[in-house]
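Written below as structure tokens is the structure these notes are about.
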Amino acid sequence: MEVPILKQGFYLIASIQSALTDADLSQLREALVARVGKFRARGVIVDVTALDVMDSFAVRTLRDLAHMTRLRGAETVIVGIQPEVAFAMVQLGLTLKGVATALDLEEGLVFLDRQVKARSDHV
Amino acid sequence: MSDEVVITIASDVDVVTARQHGRELAEQVGFSAGDQTVIAAAISEIARNILNYARRGAITFRMVLDGDRSGVIIVASDQGPGIPDVPKAMQDGYSTSGGLGLGLPGARRLMDEFEVVSAPRQGTTVTMKKWKRTHG
């Protein structure tokens, strides 16, 4: 199932609606990395609220996605990791190190606004 | 009760089917939402191991409901190349498939009992169990 990607201002929002296969996840990664260029996005939010499991493949794919979009100039934040999912991830040894996370979509937007502002202040 | 369900693992869609079935079974047994997720995550890892190493295999699900304890027994088996060095494969970070190397050791941490039987060219069988906590 393809994940819908919305454009809101300088940001892309991918909202996962149901369980994803490995192929779906890889497709999402490719689509977001491509669209960062197409829409000149500065930030990406991946909403995983609907994911009931994050296994090693999902975590690796999201981490790669975040690193690839960063190389393209856009910061990615993963939002909506459920408490049980976080628990299982930590037990599996999956940490999403180096990837920004936020509680929900609202917090994700706040995070990106801060990141983008910090970048433009820096220049 | 010994109703068994067998799910063939031959593509990434089957990984999703298997973990969803495991979650439903865990719910029937009465596991908490947290434990249901833990069980589903463990199934996802061993199902992916089948795909990565053997390409094809099966996962058998069974629930145990008796007076003393209840839980789930999940057996993943394949006729793939087998694991030459099981203790090594159980170490964190050890992978020959380019993965994170968390598959088997990660799944073991999630479950209460975990056993791997493997022989070169004869395949691998992983048996894992989780028991419902009666308190806490």
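By order of appearance in the structure tokens: chains A, B, ..., then residues from 1 within every chain, and ligands from 1 in the order shown.
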| Non-local contacts of segment 83-97 of chain A (8 Å; only C-alpha atoms; under 5 positions in same chain excluded) as an NGL selection string | (:A and (52-56 or 59-60 or 63)) or (:B and (33-35 or 37-38 or 41 or 102 or 105-107 or 109-110))
| Given a cut-off of 12 Å, which residues of chain B touch chain A, counting only C-alpha atoms, written out as number ranges by chain? | B: 11-20, 22-23, 32-49, 51-52, 92-93, 98-111
| query | To one decimal place, how far is atom CA of Ile50 of chain B from atom CA of Ser77 of chain B in Å? | reply | 7.8 Å
| Which residues in chain B does DSSP call strand (DSSP E or B)? List them as number ranges by chain. | B: 4-9, 57-65, 70-78, 113-119, 123-131
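The coordinates place atom CA of Phe111 of chain A at 23.5 Å from atom CA of Leu25 of chain A.
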Identify, with DSSP run on backbone atoms, the residues in segment 12-123 of chain B assigned to alpha helix (DSSP H), and express the list as a PDB file with N, CA and C atoms, in the first residue's frame.
ATOM      1  N   ASP B  12       7.535 -10.685   1.425  1.00  0.00           N
ATOM      2  CA  ASP B  12       7.437  -9.707   2.510  1.00  0.00           C
ATOM      3  C   ASP B  12       5.993  -9.508   2.986  1.00  0.00           C
ATOM      4  N   VAL B  13       5.030  -9.818   2.144  1.00  0.00           N
ATOM      5  CA  VAL B  13       3.625  -9.718   2.564  1.00  0.00           C
ATOM      6  C   VAL B  13       3.324 -10.761   3.653  1.00  0.00           C
ATOM      7  N   ASP B  14       3.953 -11.947   3.513  1.00  0.00           N
ATOM      8  CA  ASP B  14       3.731 -13.012   4.494  1.00  0.00           C
ATOM      9  C   ASP B  14       4.277 -12.629   5.874  1.00  0.00           C
ATOM     10  N   VAL B  15       5.318 -11.806   5.887  1.00  0.00           N
ATOM     11  CA  VAL B  15       5.875 -11.353   7.170  1.00  0.00           C
ATOM     12  C   VAL B  15       4.808 -10.554   7.933  1.00  0.00           C
ATOM     13  N   VAL B  16       4.114  -9.688   7.194  1.00  0.00           N
ATOM     14  CA  VAL B  16       3.054  -8.881   7.805  1.00  0.00           C
ATOM     15  C   VAL B  16       1.905  -9.782   8.273  1.00  0.00           C
ATOM     16  N   THR B  17       1.502 -10.726   7.411  1.00  0.00           N
ATOM     17  CA  THR B  17       0.418 -11.651   7.763  1.00  0.00           C
ATOM     18  C   THR B  17       0.767 -12.434   9.030  1.00  0.00           C
ATOM     19  N   ALA B  18       2.002 -12.919   9.093  1.00  0.00           N
ATOM     20  CA  ALA B  18       2.421 -13.738  10.240  1.00  0.00           C
ATOM     21  C   ALA B  18       2.395 -12.928  11.527  1.00  0.00           C
ATOM     22  N   ARG B  19       2.910 -11.697  11.492  1.00  0.00           N
ATOM     23  CA  ARG B  19       2.958 -10.959  12.747  1.00  0.00           C
ATOM     24  C   ARG B  19       1.564 -10.501  13.167  1.00  0.00           C
ATOM     25  N   GLN B  20       0.685 -10.256  12.164  1.00  0.00           N
ATOM     26  CA  GLN B  20      -0.683  -9.892  12.528  1.00  0.00           C
ATOM     27  C   GLN B  20      -1.414 -11.084  13.138  1.00  0.00           C
ATOM     28  N   HIS B  21      -1.160 -12.271  12.586  1.00  0.00           N
ATOM     29  CA  HIS B  21      -1.777 -13.452  13.171  1.00  0.00           C
ATOM     30  C   HIS B  21      -1.271 -13.670  14.598  1.00  0.00           C
ATOM     31  N   GLY B  22       0.030 -13.500  14.785  1.00  0.00           N
ATOM     32  CA  GLY B  22       0.612 -13.675  16.116  1.00  0.00           C
ATOM     33  C   GLY B  22       0.005 -12.719  17.125  1.00  0.00           C
ATOM     34  N   ARG B  23      -0.222 -11.491  16.680  1.00  0.00           N
ATOM     35  CA  ARG B  23      -0.825 -10.501  17.576  1.00  0.00           C
ATOM     36  C   ARG B  23      -2.253 -10.914  17.967  1.00  0.00           C
ATOM     37  N   GLU B  24      -3.021 -11.385  16.974  1.00  0.00           N
ATOM     38  CA  GLU B  24      -4.399 -11.810  17.267  1.00  0.00           C
ATOM     39  C   GLU B  24      -4.420 -12.973  18.245  1.00  0.00           C
ATOM     40  N   LEU B  25      -3.505 -13.914  18.010  1.00  0.00           N
ATOM     41  CA  LEU B  25      -3.421 -15.072  18.895  1.00  0.00           C
ATOM     42  C   LEU B  25      -3.072 -14.627  20.314  1.00  0.00           C
ATOM     43  N   ALA B  26      -2.111 -13.730  20.414  1.00  0.00           N
ATOM     44  CA  ALA B  26      -1.681 -13.233  21.725  1.00  0.00           C
ATOM     45  C   ALA B  26      -2.834 -12.516  22.437  1.00  0.00           C
ATOM     46  N   GLU B  27      -3.639 -11.831  21.651  1.00  0.00           N
ATOM     47  CA  GLU B  27      -4.793 -11.141  22.218  1.00  0.00           C
ATOM     48  C   GLU B  27      -5.801 -12.158  22.769  1.00  0.00           C
ATOM     49  N   GLN B  28      -6.009 -13.238  21.992  1.00  0.00           N
ATOM     50  CA  GLN B  28      -6.946 -14.288  22.435  1.00  0.00           C
ATOM     51  C   GLN B  28      -6.492 -14.929  23.742  1.00  0.00           C
ATOM     52  N   VAL B  29      -5.183 -15.096  23.860  1.00  0.00           N
ATOM     53  CA  VAL B  29      -4.645 -15.716  25.071  1.00  0.00           C
ATOM     54  C   VAL B  29      -4.775 -14.753  26.260  1.00  0.00           C
ATOM     55  N   ALA B  33      -1.499  -5.351  25.662  1.00  0.00           N
ATOM     56  CA  ALA B  33      -1.177  -4.728  24.367  1.00  0.00           C
ATOM     57  C   ALA B  33       0.330  -4.669  24.166  1.00  0.00           C
ATOM     58  N   GLY B  34       1.061  -4.402  25.249  1.00  0.00           N
ATOM     59  CA  GLY B  34       2.518  -4.339  25.169  1.00  0.00           C
ATOM     60  C   GLY B  34       3.111  -5.679  24.763  1.00  0.00           C
ATOM     61  N   ASP B  35       2.630  -6.752  25.414  1.00  0.00           N
ATOM     62  CA  ASP B  35       3.149  -8.077  25.082  1.00  0.00           C
ATOM     63  C   ASP B  35       2.730  -8.513  23.679  1.00  0.00           C
ATOM     64  N   GLN B  36       1.548  -8.099  23.249  1.00  0.00           N
ATOM     65  CA  GLN B  36       1.119  -8.420  21.879  1.00  0.00           C
ATOM     66  C   GLN B  36       2.108  -7.818  20.876  1.00  0.00           C
ATOM     67  N   THR B  37       2.531  -6.600  21.146  1.00  0.00           N
ATOM     68  CA  THR B  37       3.481  -5.928  20.251  1.00  0.00           C
ATOM     69  C   THR B  37       4.832  -6.621  20.272  1.00  0.00           C
ATOM     70  N   VAL B  38       5.256  -7.004  21.473  1.00  0.00           N
ATOM     71  CA  VAL B  38       6.534  -7.695  21.635  1.00  0.00           C
ATOM     72  C   VAL B  38       6.529  -9.012  20.848  1.00  0.00           C
ATOM     73  N   ILE B  39       5.435  -9.754  20.952  1.00  0.00           N
ATOM     74  CA  ILE B  39       5.320 -11.035  20.251  1.00  0.00           C
ATOM     75  C   ILE B  39       5.315 -10.801  18.739  1.00  0.00           C
ATOM     76  N   ALA B  40       4.558  -9.785  18.305  1.00  0.00           N
ATOM     77  CA  ALA B  40       4.503  -9.476  16.868  1.00  0.00           C
ATOM     78  C   ALA B  40       5.881  -9.083  16.337  1.00  0.00           C
ATOM     79  N   ALA B  41       6.634  -8.320  17.142  1.00  0.00           N
ATOM     80  CA  ALA B  41       7.971  -7.890  16.708  1.00  0.00           C
ATOM     81  C   ALA B  41       8.907  -9.094  16.588  1.00  0.00           C
ATOM     82  N   ALA B  42       8.822 -10.013  17.543  1.00  0.00           N
ATOM     83  CA  ALA B  42       9.678 -11.211  17.497  1.00  0.00           C
ATOM     84  C   ALA B  42       9.353 -12.043  16.259  1.00  0.00           C
ATOM     85  N   ILE B  43       8.051 -12.174  15.958  1.00  0.00           N
ATOM     86  CA  ILE B  43       7.645 -12.939  14.772  1.00  0.00           C
ATOM     87  C   ILE B  43       8.188 -12.270  13.511  1.00  0.00           C
ATOM     88  N   SER B  44       8.116 -10.944  13.483  1.00  0.00           N
ATOM     89  CA  SER B  44       8.607 -10.215  12.319  1.00  0.00           C
ATOM     90  C   SER B  44      10.085 -10.521  12.078  1.00  0.00           C
ATOM     91  N   GLU B  45      10.863 -10.543  13.156  1.00  0.00           N
ATOM     92  CA  GLU B  45      12.303 -10.801  13.006  1.00  0.00           C
ATOM     93  C   GLU B  45      12.591 -12.218  12.515  1.00  0.00           C
ATOM     94  N   ILE B  46      11.896 -13.214  13.080  1.00  0.00           N
ATOM     95  CA  ILE B  46      12.222 -14.587  12.643  1.00  0.00           C
ATOM     96  C   ILE B  46      11.664 -14.872  11.251  1.00  0.00           C
ATOM     97  N   ALA B  47      10.529 -14.227  10.916  1.00  0.00           N
ATOM     98  CA  ALA B  47       9.977 -14.397   9.568  1.00  0.00           C
ATOM     99  C   ALA B  47      10.942 -13.794   8.543  1.00  0.00           C
ATOM    100  N   ARG B  48      11.505 -12.636   8.899  1.00  0.00           N
ATOM    101  CA  ARG B  48      12.458 -11.992   8.002  1.00  0.00           C
ATOM    102  C   ARG B  48      13.723 -12.836   7.861  1.00  0.00           C
ATOM    103  N   ASN B  49      14.127 -13.466   8.928  1.00  0.00           N
ATOM    104  CA  ASN B  49      15.280 -14.371   8.857  1.00  0.00           C
ATOM    105  C   ASN B  49      15.043 -15.481   7.832  1.00  0.00           C
ATOM    106  N   VAL B  86      25.538 -21.583  15.408  1.00  0.00           N
ATOM    107  CA  VAL B  86      24.372 -21.013  16.105  1.00  0.00           C
ATOM    108  C   VAL B  86      24.773 -20.037  17.222  1.00  0.00           C
ATOM    109  N   PRO B  87      25.738 -20.390  18.088  1.00  0.00           N
ATOM    110  CA  PRO B  87      26.099 -19.426  19.143  1.00  0.00           C
ATOM    111  C   PRO B  87      26.540 -18.076  18.566  1.00  0.00           C
ATOM    112  N   LYS B  88      27.250 -18.104  17.444  1.00  0.00           N
ATOM    113  CA  LYS B  88      27.694 -16.864  16.828  1.00  0.00           C
ATOM    114  C   LYS B  88      26.498 -16.070  16.288  1.00  0.00           C
ATOM    115  N   ALA B  89      25.545 -16.796  15.687  1.00  0.00           N
ATOM    116  CA  ALA B  89      24.357 -16.139  15.127  1.00  0.00           C
ATOM    117  C   ALA B  89      23.505 -15.507  16.227  1.00  0.00           C
ATOM    118  N   GLY B 103      18.250  -9.919  14.374  1.00  0.00           N
ATOM    119  CA  GLY B 103      17.154 -10.874  14.193  1.00  0.00           C
ATOM    120  C   GLY B 103      17.009 -11.873  15.321  1.00  0.00           C
ATOM    121  N   LEU B 104      17.920 -12.826  15.400  1.00  0.00           N
ATOM    122  CA  LEU B 104      17.779 -13.881  16.406  1.00  0.00           C
ATOM    123  C   LEU B 104      17.998 -13.375  17.838  1.00  0.00           C
ATOM    124  N   PRO B 105      19.117 -12.668  18.099  1.00  0.00           N
ATOM    125  CA  PRO B 105      19.302 -12.211  19.490  1.00  0.00           C
ATOM    126  C   PRO B 105      18.204 -11.250  19.932  1.00  0.00           C
ATOM    127  N   GLY B 106      17.714 -10.424  18.994  1.00  0.00           N
ATOM    128  CA  GLY B 106      16.640  -9.495  19.331  1.00  0.00           C
ATOM    129  C   GLY B 106      15.369 -10.244  19.688  1.00  0.00           C
ATOM    130  N   ALA B 107      15.018 -11.218  18.862  1.00  0.00           N
ATOM    131  CA  ALA B 107      13.801 -11.992  19.117  1.00  0.00           C
ATOM    132  C   ALA B 107      13.923 -12.754  20.435  1.00  0.00           C
ATOM    133  N   ARG B 108      15.119 -13.238  20.716  1.00  0.00           N
ATOM    134  CA  ARG B 108      15.309 -13.972  21.974  1.00  0.00           C
ATOM    135  C   ARG B 108      15.036 -13.078  23.181  1.00  0.00           C
ATOM    136  N   ARG B 109      15.482 -11.830  23.093  1.00  0.00           N
ATOM    137  CA  ARG B 109      15.243 -10.914  24.221  1.00  0.00           C
ATOM    138  C   ARG B 109      13.756 -10.638  24.439  1.00  0.00           C
ATOM    139  N   LEU B 110      12.993 -10.758  23.350  1.00  0.00           N
ATOM    140  CA  LEU B 110      11.569 -10.433  23.453  1.00  0.00           C
ATOM    141  C   LEU B 110      10.741 -11.580  24.026  1.00  0.00           C
TER     142      LEU B 110
END
| field | Atomic separation - atom CA of Ala76 of chain B relative to atom CA of Leu28 of chain A, Å | value | 28.9 Å
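The closest residue to Ala58 of chain A, picked from A:Asp121, A:Ile5, A:Gln27, A:Leu32 and counting only C-alpha atoms, is A:Gln27.
Near Gly80 of chain B, within a cut-off of 12 Å and counting only C-alpha atoms, sit the residues Asn49, Ile50, Leu51, Asn52, Tyr53, Ala54, Arg55, Arg56, Gly57, Ala58, Ala76, Ser77, Asp78, Gly82, Ile83, Pro84, Ser118, Ala119, Pro120, Arg121, Gln122, Gly123, Thr124 and Thr125 of chain B, with same-chain residues fewer than 2 positions away left out.
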Those same residues, written as an mmCIF file, in the first residue's frame with N, CA and C atoms?
data_model
loop_
_atom_site.group_PDB
_atom_site.id
_atom_site.type_symbol
_atom_site.label_atom_id
_atom_site.label_comp_id
_atom_site.auth_asym_id
_atom_site.auth_seq_id
_atom_site.Cartn_x
_atom_site.Cartn_y
_atom_site.Cartn_z
ATOM 1 N N ASN B 49 14.127 -13.466 8.928
ATOM 2 C CA ASN B 49 15.280 -14.371 8.857
ATOM 3 C C ASN B 49 15.043 -15.481 7.832
ATOM 4 N N ILE B 50 13.823 -16.024 7.837
ATOM 5 C CA ILE B 50 13.498 -17.070 6.855
ATOM 6 C C ILE B 50 13.678 -16.518 5.447
ATOM 7 N N LEU B 51 13.106 -15.339 5.198
ATOM 8 C CA LEU B 51 13.199 -14.748 3.853
ATOM 9 C C LEU B 51 14.644 -14.495 3.452
ATOM 10 N N ASN B 52 15.424 -13.931 4.388
ATOM 11 C CA ASN B 52 16.788 -13.541 4.062
ATOM 12 C C ASN B 52 17.698 -14.730 3.803
ATOM 13 N N TYR B 53 17.514 -15.787 4.585
ATOM 14 C CA TYR B 53 18.486 -16.884 4.515
ATOM 15 C C TYR B 53 17.981 -18.109 3.764
ATOM 16 N N ALA B 54 16.672 -18.395 3.887
ATOM 17 C CA ALA B 54 16.170 -19.625 3.273
ATOM 18 C C ALA B 54 15.217 -19.335 2.114
ATOM 19 N N ARG B 55 14.795 -18.083 2.008
ATOM 20 C CA ARG B 55 13.845 -17.629 0.983
ATOM 21 C C ARG B 55 12.423 -18.122 1.233
ATOM 22 N N ARG B 56 12.302 -19.265 1.875
ATOM 23 C CA ARG B 56 10.987 -19.852 2.033
ATOM 24 C C ARG B 56 10.955 -20.719 3.289
ATOM 25 N N GLY B 57 9.804 -20.692 3.959
ATOM 26 C CA GLY B 57 9.663 -21.518 5.149
ATOM 27 C C GLY B 57 8.252 -21.378 5.684
ATOM 28 N N ALA B 58 8.062 -21.750 6.938
ATOM 29 C CA ALA B 58 6.719 -21.670 7.505
ATOM 30 C C ALA B 58 6.804 -21.333 8.986
ATOM 31 N N ALA B 76 9.271 -21.474 13.850
ATOM 32 C CA ALA B 76 9.622 -21.064 12.486
ATOM 33 C C ALA B 76 10.573 -22.097 11.918
ATOM 34 N N SER B 77 10.209 -22.660 10.774
ATOM 35 C CA SER B 77 11.107 -23.673 10.219
ATOM 36 C C SER B 77 11.327 -23.447 8.733
ATOM 37 N N ASP B 78 12.509 -23.813 8.312
ATOM 38 C CA ASP B 78 12.818 -23.726 6.882
ATOM 39 C C ASP B 78 13.782 -24.838 6.511
ATOM 40 N N GLY B 82 20.743 -23.488 6.581
ATOM 41 C CA GLY B 82 21.110 -23.764 7.965
ATOM 42 C C GLY B 82 22.100 -22.735 8.487
ATOM 43 N N ILE B 83 22.263 -22.743 9.812
ATOM 44 C CA ILE B 83 23.193 -21.796 10.442
ATOM 45 C C ILE B 83 24.429 -22.577 10.862
ATOM 46 N N PRO B 84 25.600 -22.254 10.272
ATOM 47 C CA PRO B 84 26.795 -23.035 10.592
ATOM 48 C C PRO B 84 27.209 -22.906 12.064
ATOM 49 N N SER B 118 19.683 -26.143 14.214
ATOM 50 C CA SER B 118 20.056 -25.941 12.820
ATOM 51 C C SER B 118 21.197 -26.862 12.430
ATOM 52 N N ALA B 119 21.150 -27.303 11.201
ATOM 53 C CA ALA B 119 22.239 -28.111 10.670
ATOM 54 C C ALA B 119 22.499 -27.659 9.244
ATOM 55 N N PRO B 120 23.773 -27.583 8.861
ATOM 56 C CA PRO B 120 24.091 -27.134 7.497
ATOM 57 C C PRO B 120 23.335 -27.948 6.442
ATOM 58 N N ARG B 121 22.754 -27.253 5.512
ATOM 59 C CA ARG B 121 21.992 -27.813 4.375
ATOM 60 C C ARG B 121 20.708 -28.542 4.781
ATOM 61 N N GLN B 122 20.381 -28.516 6.063
ATOM 62 C CA GLN B 122 19.136 -29.187 6.460
ATOM 63 C C GLN B 122 18.104 -28.207 6.997
ATOM 64 N N GLY B 123 18.492 -26.961 7.106
ATOM 65 C CA GLY B 123 17.512 -25.976 7.528
ATOM 66 C C GLY B 123 17.613 -25.609 8.998
ATOM 67 N N THR B 124 16.688 -24.767 9.390
ATOM 68 C CA THR B 124 16.715 -24.190 10.721
ATOM 69 C C THR B 124 15.315 -24.232 11.321
ATOM 70 N N THR B 125 15.239 -24.540 12.603
ATOM 71 C CA THR B 125 13.966 -24.456 13.312
ATOM 72 C C THR B 125 14.163 -23.592 14.544
#
| Hey, what's within 6 Å of Arg62 of chain B if we count only C-alpha atoms and toss same-chain stuff fewer than 2 positions away? As a list in words, please? | Glu4, Val72 and Ile73 of chain B
Which residues of segment 57-96 of chain A sit at most 12 Å from segment 8-13 of chain A, using only C-alpha atoms? Give each one's shortest atom pair and distance in Å (one decimal place), in chain and ascending residue order, as JSON lines.
{"residue": "A:Thr69", "atom": "CA", "partner": "A:Leu12", "partner_atom": "CA", "distance": 11.0}
{"residue": "A:Gly73", "atom": "CA", "partner": "A:Phe10", "partner_atom": "CA", "distance": 11.7}
{"residue": "A:Ala74", "atom": "CA", "partner": "A:Tyr11", "partner_atom": "CA", "distance": 8.7}
{"residue": "A:Glu75", "atom": "CA", "partner": "A:Tyr11", "partner_atom": "CA", "distance": 9.3}
{"residue": "A:Thr76", "atom": "CA", "partner": "A:Leu12", "partner_atom": "CA", "distance": 9.2}
{"residue": "A:Val77", "atom": "CA", "partner": "A:Ile13", "partner_atom": "CA", "distance": 9.8}
{"residue": "A:Ile78", "atom": "CA", "partner": "A:Ile13", "partner_atom": "CA", "distance": 10.1}
{"residue": "A:Val79", "atom": "CA", "partner": "A:Ile13", "partner_atom": "CA", "distance": 10.4}
Since we have the selection now, will you write its residues out, keeping N, CA and C atoms, as an mmCIF file, in the first residue's frame?
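New file selection36.cif:
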data_model
loop_
_atom_site.group_PDB
_atom_site.id
_atom_site.type_symbol
_atom_site.label_atom_id
_atom_site.label_comp_id
_atom_site.auth_asym_id
_atom_site.auth_seq_id
_atom_site.Cartn_x
_atom_site.Cartn_y
_atom_site.Cartn_z
ATOM 1 N N THR A 69 17.557 12.158 3.351
ATOM 2 C CA THR A 69 16.920 13.470 3.165
ATOM 3 C C THR A 69 17.815 14.565 3.741
ATOM 4 N N GLY A 73 19.373 18.108 2.172
ATOM 5 C CA GLY A 73 19.093 19.415 2.735
ATOM 6 C C GLY A 73 17.799 19.518 3.520
ATOM 7 N N ALA A 74 17.147 18.396 3.785
ATOM 8 C CA ALA A 74 15.895 18.438 4.548
ATOM 9 C C ALA A 74 16.016 17.579 5.806
ATOM 10 N N GLU A 75 15.540 18.111 6.887
ATOM 11 C CA GLU A 75 15.577 17.397 8.161
ATOM 12 C C GLU A 75 14.332 16.503 8.269
ATOM 13 N N THR A 76 14.507 15.279 8.765
ATOM 14 C CA THR A 76 13.356 14.385 8.935
ATOM 15 C C THR A 76 13.088 14.164 10.413
ATOM 16 N N VAL A 77 11.813 14.137 10.762
ATOM 17 C CA VAL A 77 11.443 13.792 12.128
ATOM 18 C C VAL A 77 10.370 12.699 12.082
ATOM 19 N N ILE A 78 10.581 11.664 12.883
ATOM 20 C CA ILE A 78 9.635 10.548 12.960
ATOM 21 C C ILE A 78 8.687 10.838 14.123
ATOM 22 N N VAL A 79 7.397 10.824 13.881
ATOM 23 C CA VAL A 79 6.458 11.135 14.962
ATOM 24 C C VAL A 79 5.462 9.996 15.172
#
